[in-house]
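**Q** Supplied in structure tokens, the structure appears directly below.
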Amino acid sequence: MILSFYYVLISLFIQTPSFEGKWVSVDDETGLEKSIISLYVENEKLYGRIETLLLPEDKGKLCVNCQGSELNTPIEGLVILKGLTKDGEEWTGGTILDPANGKEYSCTLSLNGPSELNVRGFIGFSFLGRTQKWKRFK
């Protein structure tokens with residue numbers, strides 16, 4: 001009985017960190033913090049919307065290289081992560097949009113501790129891509 005109580009108590013404090021919430025994207029080439037992205041689950045799929053662009057030169061920019069209904073829409077407010085599904089400790093099977101070039105890539109997200117997110121974008125095979133590390137927004 002006492003062990004059950006301690007198990008419940010410990011499980012309340014040791015929970016798997018959530019992917020949901022606000023994250024700061026960090027450019028993997030320059031190291032600059034570029035935007036605040038809100039990750040949310042809708043119909044058991046993970047999505048990500050750019051809430052705020054952090055660099056003054058990016059404010060007010062439109063997605064001029066995007067396709068379809070996203071063409072010439074403001075980058076702030078743009079949903080860039082779409083349709084990822086939970087697969088063990090990762091979210092995978094969806095896409096990420098790069099507003100700079102308008103291209104969509106396959107995407108996998110994995111947590112690296114409670115405050116760092118590995119965002120892997122790739123074409124075809126995961127090893128043919130690049131990874132950004134996003135920081136949890138505080």
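All residue names refer to the structure tokens as shown: chains lettered A, B, ... in order, residues numbered from 1 in each chain, ligands numbered from 1 in order.
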From the DSSP assignment of the backbone, select every residue of chain A that is strand (DSSP E or B), and format the answer as number ranges by chain.
**A** A: 21-26, 33-42, 45-53, 62, 74, 79-87, 90-98, 103-111, 116-122, 129-136
**Q** Quick one: write out the picked residues with C-alpha atoms as a CSV table (one decimal), in the first residue's frame?
**A**
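Printed below is result_14.csv as written:
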```csv
chain,number,residue,atom,x,y,z
A,21,GLY,CA,4.0,24.6,-26.2
A,22,LYS,CA,6.1,27.4,-27.5
A,23,TRP,CA,9.6,26.8,-28.9
A,24,VAL,CA,12.3,29.2,-30.2
A,25,SER,CA,13.7,28.2,-33.5
A,26,VAL,CA,17.5,28.5,-33.8
A,33,GLU,CA,17.1,32.8,-32.7
A,34,LYS,CA,14.6,33.4,-35.6
A,35,SER,CA,11.1,32.8,-34.4
A,36,ILE,CA,8.7,31.5,-31.7
A,37,ILE,CA,6.7,28.5,-32.8
A,38,SER,CA,3.7,27.1,-31.1
A,39,LEU,CA,3.3,23.3,-31.3
A,40,TYR,CA,-0.1,21.9,-30.7
A,41,VAL,CA,-2.0,18.6,-31.2
A,42,GLU,CA,-5.2,18.5,-33.3
A,45,LYS,CA,-1.6,15.0,-35.2
A,46,LEU,CA,1.1,17.6,-34.3
A,47,TYR,CA,1.2,21.0,-35.9
A,48,GLY,CA,3.4,24.1,-35.5
A,49,ARG,CA,2.6,27.7,-36.2
A,50,ILE,CA,5.0,30.6,-36.3
A,51,GLU,CA,3.7,33.0,-33.7
A,52,THR,CA,6.4,35.7,-33.8
A,53,LEU,CA,9.4,36.5,-36.0
A,62,LEU,CA,5.4,37.3,-46.8
A,74,PRO,CA,2.4,36.5,-43.8
A,79,VAL,CA,1.6,26.7,-40.1
A,80,ILE,CA,5.0,25.2,-40.9
A,81,LEU,CA,4.7,21.8,-39.2
A,82,LYS,CA,1.9,19.6,-40.4
A,83,GLY,CA,0.5,16.2,-39.7
A,84,LEU,CA,3.1,14.6,-37.6
A,85,THR,CA,2.0,11.4,-35.7
A,86,LYS,CA,3.3,10.0,-32.4
A,87,ASP,CA,5.7,7.2,-32.9
A,90,GLU,CA,9.1,10.9,-31.5
A,91,TRP,CA,6.7,12.7,-33.8
A,92,THR,CA,7.2,11.7,-37.4
A,93,GLY,CA,5.5,11.3,-40.8
A,94,GLY,CA,4.6,14.9,-41.3
A,95,THR,CA,6.2,17.8,-43.1
A,96,ILE,CA,8.0,21.0,-42.3
A,97,LEU,CA,7.9,24.1,-44.5
A,98,ASP,CA,10.9,26.4,-45.0
A,103,LYS,CA,9.9,24.0,-49.9
A,104,GLU,CA,8.3,21.3,-47.8
A,105,TYR,CA,10.4,18.5,-46.3
A,106,SER,CA,9.7,15.3,-44.4
A,107,CYS,CA,10.1,15.9,-40.7
A,108,THR,CA,10.8,14.1,-37.4
A,109,LEU,CA,10.8,15.7,-34.0
A,110,SER,CA,12.5,14.3,-30.9
A,111,LEU,CA,13.1,15.7,-27.5
A,116,GLU,CA,15.5,21.1,-26.3
A,117,LEU,CA,13.8,19.9,-29.4
A,118,ASN,CA,15.6,18.2,-32.4
A,119,VAL,CA,13.8,19.2,-35.6
A,120,ARG,CA,15.0,17.0,-38.5
A,121,GLY,CA,14.0,18.0,-42.0
A,122,PHE,CA,14.9,15.7,-44.9
A,129,GLY,CA,18.8,16.2,-44.2
A,130,ARG,CA,19.6,18.6,-41.5
A,131,THR,CA,18.7,19.1,-37.9
A,132,GLN,CA,17.9,22.3,-36.0
A,133,LYS,CA,17.8,22.5,-32.2
A,134,TRP,CA,14.9,24.5,-30.9
A,135,LYS,CA,14.8,25.8,-27.3
A,136,ARG,CA,11.7,25.8,-25.1
```
**Q** What parts of stretch 40-104 of chain A does DSSP call helix (DSSP H, G or I)? I'd like the answer as JSON, numbers by chain.
**A** {"A": [56, 57, 58, 68, 69, 70]}
**Q** Could you please take those selected residues and save N, CA and C atoms as an mmCIF file, in the first residue's frame?
**A**
```
data_model
loop_
_atom_site.group_PDB
_atom_site.id
_atom_site.type_symbol
_atom_site.label_atom_id
_atom_site.label_comp_id
_atom_site.auth_asym_id
_atom_site.auth_seq_id
_atom_site.Cartn_x
_atom_site.Cartn_y
_atom_site.Cartn_z
ATOM 1 N N PRO A 56 14.288 41.752 -36.560
ATOM 2 C CA PRO A 56 13.581 42.926 -37.095
ATOM 3 C C PRO A 56 13.433 42.904 -38.619
ATOM 4 N N GLU A 57 14.439 42.405 -39.316
ATOM 5 C CA GLU A 57 14.378 42.385 -40.780
ATOM 6 C C GLU A 57 13.360 41.380 -41.324
ATOM 7 N N ASP A 58 12.891 40.472 -40.487
ATOM 8 C CA ASP A 58 11.903 39.483 -40.921
ATOM 9 C C ASP A 58 10.456 39.924 -40.661
ATOM 10 N N GLY A 68 0.508 27.358 -53.551
ATOM 11 C CA GLY A 68 -0.926 27.274 -53.243
ATOM 12 C C GLY A 68 -1.427 28.404 -52.373
ATOM 13 N N SER A 69 -2.275 28.061 -51.407
ATOM 14 C CA SER A 69 -2.924 29.077 -50.576
ATOM 15 C C SER A 69 -1.952 29.796 -49.648
ATOM 16 N N GLU A 70 -0.744 29.271 -49.466
ATOM 17 C CA GLU A 70 0.243 29.906 -48.590
ATOM 18 C C GLU A 70 1.069 30.973 -49.317
#
```
**Q** Any idea what the distance is between atom CA of A:Asn101 and atom CA of A:Cys66?
**A**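 Straight-line distance from atom CA of A:Asn101 to atom CA of A:Cys66 works out to 7.2 Å.
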